[in-house]
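Asks: So that we are looking at the same thing, I have put the structure below in structure tokens.
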Amino acid sequence: MVSPVTVVKSEGPKLVPFFKATCVYFVLWLPTSSPSWFSALIKCLPIFCLWMFFLAHGFSFLGASSNARKIFAGLVFSALGDAFLIWQEQGYFVHGLLMFAITHILYSSAFGMKPVNVTAGLMVTAVSSVSYLLLYPYLSGPFTYLVAVYIGLIGFMGWRAVAGLQLANDLWTWTKLCACLGAVLFMVSDLTIAVNKFCFPVPHSRAIIMATYYAAQMLISLSVVECQDAEGARKKA
């Protein structure tokens, strides 16, 4: 397993643009009541920087790692989803929902189906079910079904991320921990969106949503770089 210290030294500089872009978003804090292409750009900029984070590893990395390609594709659909949600009050909320649904499918595929980890699956299913039951009384029309499908997809993604984290017998890796934490934060972000939109205003909802969302995307992006770090270590050996 690659040392976390090695990871910080090798990956930290590549993430500097992401951190700067995230700071720009929170400093400008553009009003959501006035959607524009500029506000869409500022919101998507940290995700664009994560694209560059992948490209900084070289096209050979994306070519050699199918998981990296899936996460990268998920980031592309995430940026589209972010842009649609800027105009959600103009009727584009469902479009954003669809983009993020595709993102979760791609992330689930990247995390894989092994190990199965039934316990993790039951835990995530319980959390997802309770979340939907809390939202259900406030849903109407197509959202009754769309939200159910979306919760199922993000719950499945969360299960596959959590399932890979095996703390016993030294089977865990820092990348699997990143995937697990990233998936959990993504679920927190989306649940906050749902409660705020369908149920009642959540205090400081925007700050909670975006902070957990950006952190989630960064951690999920980091979850696929160990294969390159390990390859580099083998070449130096």
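Letters for chains follow the order of the structure tokens (A, B, ...), residue numbers begin at 1 for each chain, and ligand numbers begin at 1 in the order shown.
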Residues of stretch 25-105 of chain A within 12 Å of stretch 191-213 of chain A: nearest atom pair and distance (Å, one decimal) for each, counting only C-alpha atoms, sorted by chain and number, as CSV?

Replies:
residue,atom,partner,partner_atom,distance
A:Tyr25,CA,A:Met210,CA,9.4
A:Phe26,CA,A:Ala207,CA,8.3
A:Val27,CA,A:Ala207,CA,11.5
A:Trp29,CA,A:Ala207,CA,9.5
A:Leu30,CA,A:Arg206,CA,11.2
A:Pro31,CA,A:Arg206,CA,10.6
A:Thr32,CA,A:Arg206,CA,9.4
A:Lys43,CA,A:Met210,CA,9.1
A:Cys44,CA,A:Met210,CA,11.0
A:Pro46,CA,A:Tyr213,CA,10.5
A:Ile47,CA,A:Tyr213,CA,10.2
A:Leu75,CA,A:Tyr213,CA,11.8
A:Ser78,CA,A:Tyr213,CA,10.4
A:Ala79,CA,A:Tyr213,CA,11.8
A:Asp82,CA,A:Met210,CA,10.5
A:Leu85,CA,A:Ile193,CA,10.8
A:Gln88,CA,A:Lys197,CA,10.5
A:Glu89,CA,A:Lys197,CA,10.6
A:Phe93,CA,A:Lys197,CA,10.4
A:Leu97,CA,A:Ala194,CA,10.9
A:Phe100,CA,A:Tyr213,CA,11.7

Asks: Could you write out, as JSON, numbers by chain, all the residues of stretch 63-211 of chain A that DSSP marks as helix (DSSP H, G or I)?

Replies: {"A": [63, 64, 66, 67, 68, 69, 70, 71, 72, 73, 74, 75, 76, 77, 78, 79, 80, 81, 82, 83, 84, 85, 86, 88, 89, 90, 93, 94, 95, 96, 97, 98, 99, 100, 101, 102, 103, 104, 105, 106, 107, 108, 109, 110, 111, 118, 119, 120, 121, 122, 123, 124, 125, 126, 127, 128, 129, 130, 131, 132, 133, 134, 135, 136, 137, 138, 143, 144, 145, 146, 147, 148, 149, 150, 151, 152, 153, 154, 155, 156, 157, 158, 159, 160, 161, 162, 163, 168, 169, 170, 174, 175, 176, 177, 178, 179, 180, 181, 182, 183, 184, 185, 186, 187, 188, 189, 190, 191, 192, 193, 194, 195, 196, 197, 198, 199, 205, 206, 207, 208, 209, 210, 211]}

Asks: With a distance cut-off of 7 Å and only C-alpha atoms, select the neighbouring residues of A:Leu153, excluding the residue or stretch itself and same-chain residues fewer than 2 positions from it, and output the selection as a list in words.

Replies: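 Using only C-alpha atoms, the neighbours found are Ala101, His104, Ile105, Val149, Tyr150, Ile151, Gly155, Phe156 and Met157 of chain A.
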
Asks: Find, counting only C-alpha atoms, the residue in A:Gly63, A:Gly74, A:Pro13, A:Pro35 that gets nearest to A:Gln90.

Replies: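 Checking each candidate against A:Gln90, we get A:Pro35 as the closest.
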
Asks: Let me make sure I understand: among A:Leu106, A:Ala161, A:Val94, A:Ala56, which one has the smallest atom-to-atom distance to A:Arg69 if we use only C-alpha atoms?

Replies: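 Among the listed residues, the smallest separation from A:Arg69 belongs to A:Leu106.
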
Asks: Find the distance between atom CA of A:Ala73 and atom CA of A:Phe18 and write it in Å to one decimal.

Replies: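 It comes out at 17.4 Å.
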
Asks: Counting only C-alpha atoms, which of A:Ala120, A:Ala68, A:Val188, A:Val130 gets nearest to A:Val162?

Replies: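 Closest residue, counting only C-alpha atoms: A:Ala120.
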